[in-house]
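What follows is one structure encoded as structure tokens, with my remarks underneath.
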Amino acid sequence: MTDEFRDVDHDGTALRIEALIDGGQYAHAKSLIADYLAHTPDDATIHVLLAYALLGEGDAAGAARASASAIVLDPTSAAAHQLSAEAFRLQKRFADARRMAHVARALAPNEPQPYELLVVIDIESKRVRRRTWKAGAEAVRVAPDRANAHTVLGNLYMYGKRPFKAQAAFRAALRLEPDNSLALHNLAVVQHSLSKVGTAAATWADLLATDPSSTEALHNIGGAARTWLRRLKVAMVVLLFVGGIATVPMHAVAPDDGTRPAALVYPGLLIATLAMVAASAGVLWHVRRSLGSRTGAFLRALPRADVTLIPQAIGLGLIVFAQFVVLFLPSPLALPTSGHLTDGLLILIAISWIASRLIRAFRKR
């Protein structure tokens with residue numbers, strides 16, 4: 001026995017090991033456990049803690065053995081059966097996992113973890129039945145203030161293709177635990193599936209604030225920005241072409257000596273340009289309204305999500321500004337300039353598309 005264990009009672013030992021496990025210091029925890037079991041091998045609690053440590057390290061087979069030892073020493077230990085079920089689940093031994101989770105539920109009917117695990121097992125094994133829905137509801141009933149219970153129920157609603165109920169469950173989890181990264185992630189996925197681009201983007205921004213290393217949040221923030229830019233590009237191309245076509249029949253309506261501003265000669269061009277400005281302002285308003293207080297975080301994330309996004313936005317802004325300036329040019333100069341801007345927009349779209357594909361392909365390597 002090491003000096004660290006001298007004159008230390010059992011509870012102090014277990015608490016020390018548990019603190020190490022909670023802190024992710026699994027190797028140190030296992031070292032203390034080995035020292036303790038060397039002189040007290042029949043302590044079920046320490047075997048349970050060993051199973052926790054092994055699960056933390058990703059050693060599902062080792063955790064299954066440790067939890068089996070704990071069950072032999074204390075067949076009434078709900079924690080041992082719960083850990084055994086978790087270890088079997090990670091090994092995809094779903095029948096064994098389900099059996100152990102049922103025992104854990106019987107031993108601790110007022111604890112949410114066995115119910116949650118039963119839901120997870122059934123989802124992963126693609127064997128969702130009526131019992132699964134009952135387990136999800138029971139998890140929330142016995143622990144209404146536990147965020148994970150609501151998250152698991154939300155996952156079940158996602159699996160059952162009930163997105164609105166899934167949203168409600170994830171929001172309930174986030175009210176209890178605003179930094180719950182799993183609930184944030186899955187809420188964003190559901191919102192995206194409902195084509196709520198702005199709402200999903202705001203949730204991805206929240207997730208990125210909680211977990212700055214989340215590559216999926218970055219990817220989806222980039223996706224939301226590309227969606228907004230794509231919509232603006234389509235609107236601008238259509239409006240520029242419509243404006244160009246509309247000038248043909250309107251030319252005779254306003255005779256021109258070559259010095260009047262294009263806005264007075266070509267009402268179609270004026271209307272198309274103002275519509276383009278309005279479309280740009282509308283997209284910006286929609287983005288700001290959707291993101292709210294996350295706008296700054298969203299914009300800061302864009303260079304990490306896709307380095308082409310900011311240049312694209314600037315390019316589109318310059319084209320809108322230039323098209324507005326065209327209205328004040330003499331009419332003989334205005335139409336060719338507007339045509340060049342249309343060409344420039346199409347070139348910008350092509351270059352940004354190619355650049356985005358190349359960058360994403362490079363990142364996958």
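Chain labels follow the order of the structure tokens: the first chain is A, the next B, and so on; residue numbering restarts at 1 in every chain, and ligands are counted from 1 in their shown order.
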
Would you mind listing what lies within 9 Å of stretch 176-184 of chain A as a ChimeraX atom specification, with only C-alpha atoms counted and same-chain residues fewer than 5 positions away left out? /A:145-148,150-152,154-155,169-171,189,203-204,206-211

Please produce, as a tab-separated table, a per-residue contact table for stretch 17-96 of chain A versus stretch 101-125 of chain A (criterion: any atom at most 7 Å away, only C-alpha atoms considered), showing the nearest atom pair and its distance in Å to one decimal, sorted by chain then residue number.
residue	atom	partner	partner_atom	distance
A:Thr76	CA	A:Leu107	CA	6.7
A:Ala78	CA	A:Ala104	CA	4.6
A:His81	CA	A:Ala104	CA	5.3
A:Gln82	CA	A:Ala104	CA	5.5
A:Ala85	CA	A:Ala101	CA	5.4
A:Arg89	CA	A:Ile121	CA	6.6
A:Phe94	CA	A:Ile121	CA	6.5

Quote the spacing between atom CA of A:Lys134 and atom CA of A:Met100 in Å to one decimal place.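 Between atom CA of A:Lys134 and atom CA of A:Met100 the gap works out to 17.6 Å.
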
Long-range neighbours of A:Arg16 as a list in words, 9 Å cut-off, only C-alpha atoms, 4 positions minimum in chain: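 Near neighbours after the sequence-gap exclusion: Asp11, Gly12, Leu20, Ile21, Ala29 and Leu32 of chain A.
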
Output N, CA and C atoms of each residue in that selection to a file, as a CSV table (one decimal), in the first residue's frame.
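Okay, this is what ended up in again_34.csv:
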chain,number,residue,atom,x,y,z
A,11,ASP,N,-14.2,5.8,2.5
A,11,ASP,CA,-15.0,6.9,1.8
A,11,ASP,C,-14.0,7.9,1.3
A,12,GLY,N,-12.9,8.2,2.0
A,12,GLY,CA,-12.0,9.1,1.5
A,12,GLY,C,-11.3,8.6,0.3
A,20,LEU,N,-10.6,12.3,-9.3
A,20,LEU,CA,-9.6,12.2,-10.3
A,20,LEU,C,-10.3,11.8,-11.7
A,21,ILE,N,-11.3,10.9,-11.5
A,21,ILE,CA,-12.1,10.5,-12.7
A,21,ILE,C,-12.8,11.7,-13.3
A,29,ALA,N,-6.1,7.7,-11.5
A,29,ALA,CA,-7.2,7.1,-10.8
A,29,ALA,C,-7.0,5.6,-10.8
A,32,LEU,N,-4.3,4.5,-8.3
A,32,LEU,CA,-4.8,4.4,-6.9
A,32,LEU,C,-5.7,3.2,-6.7
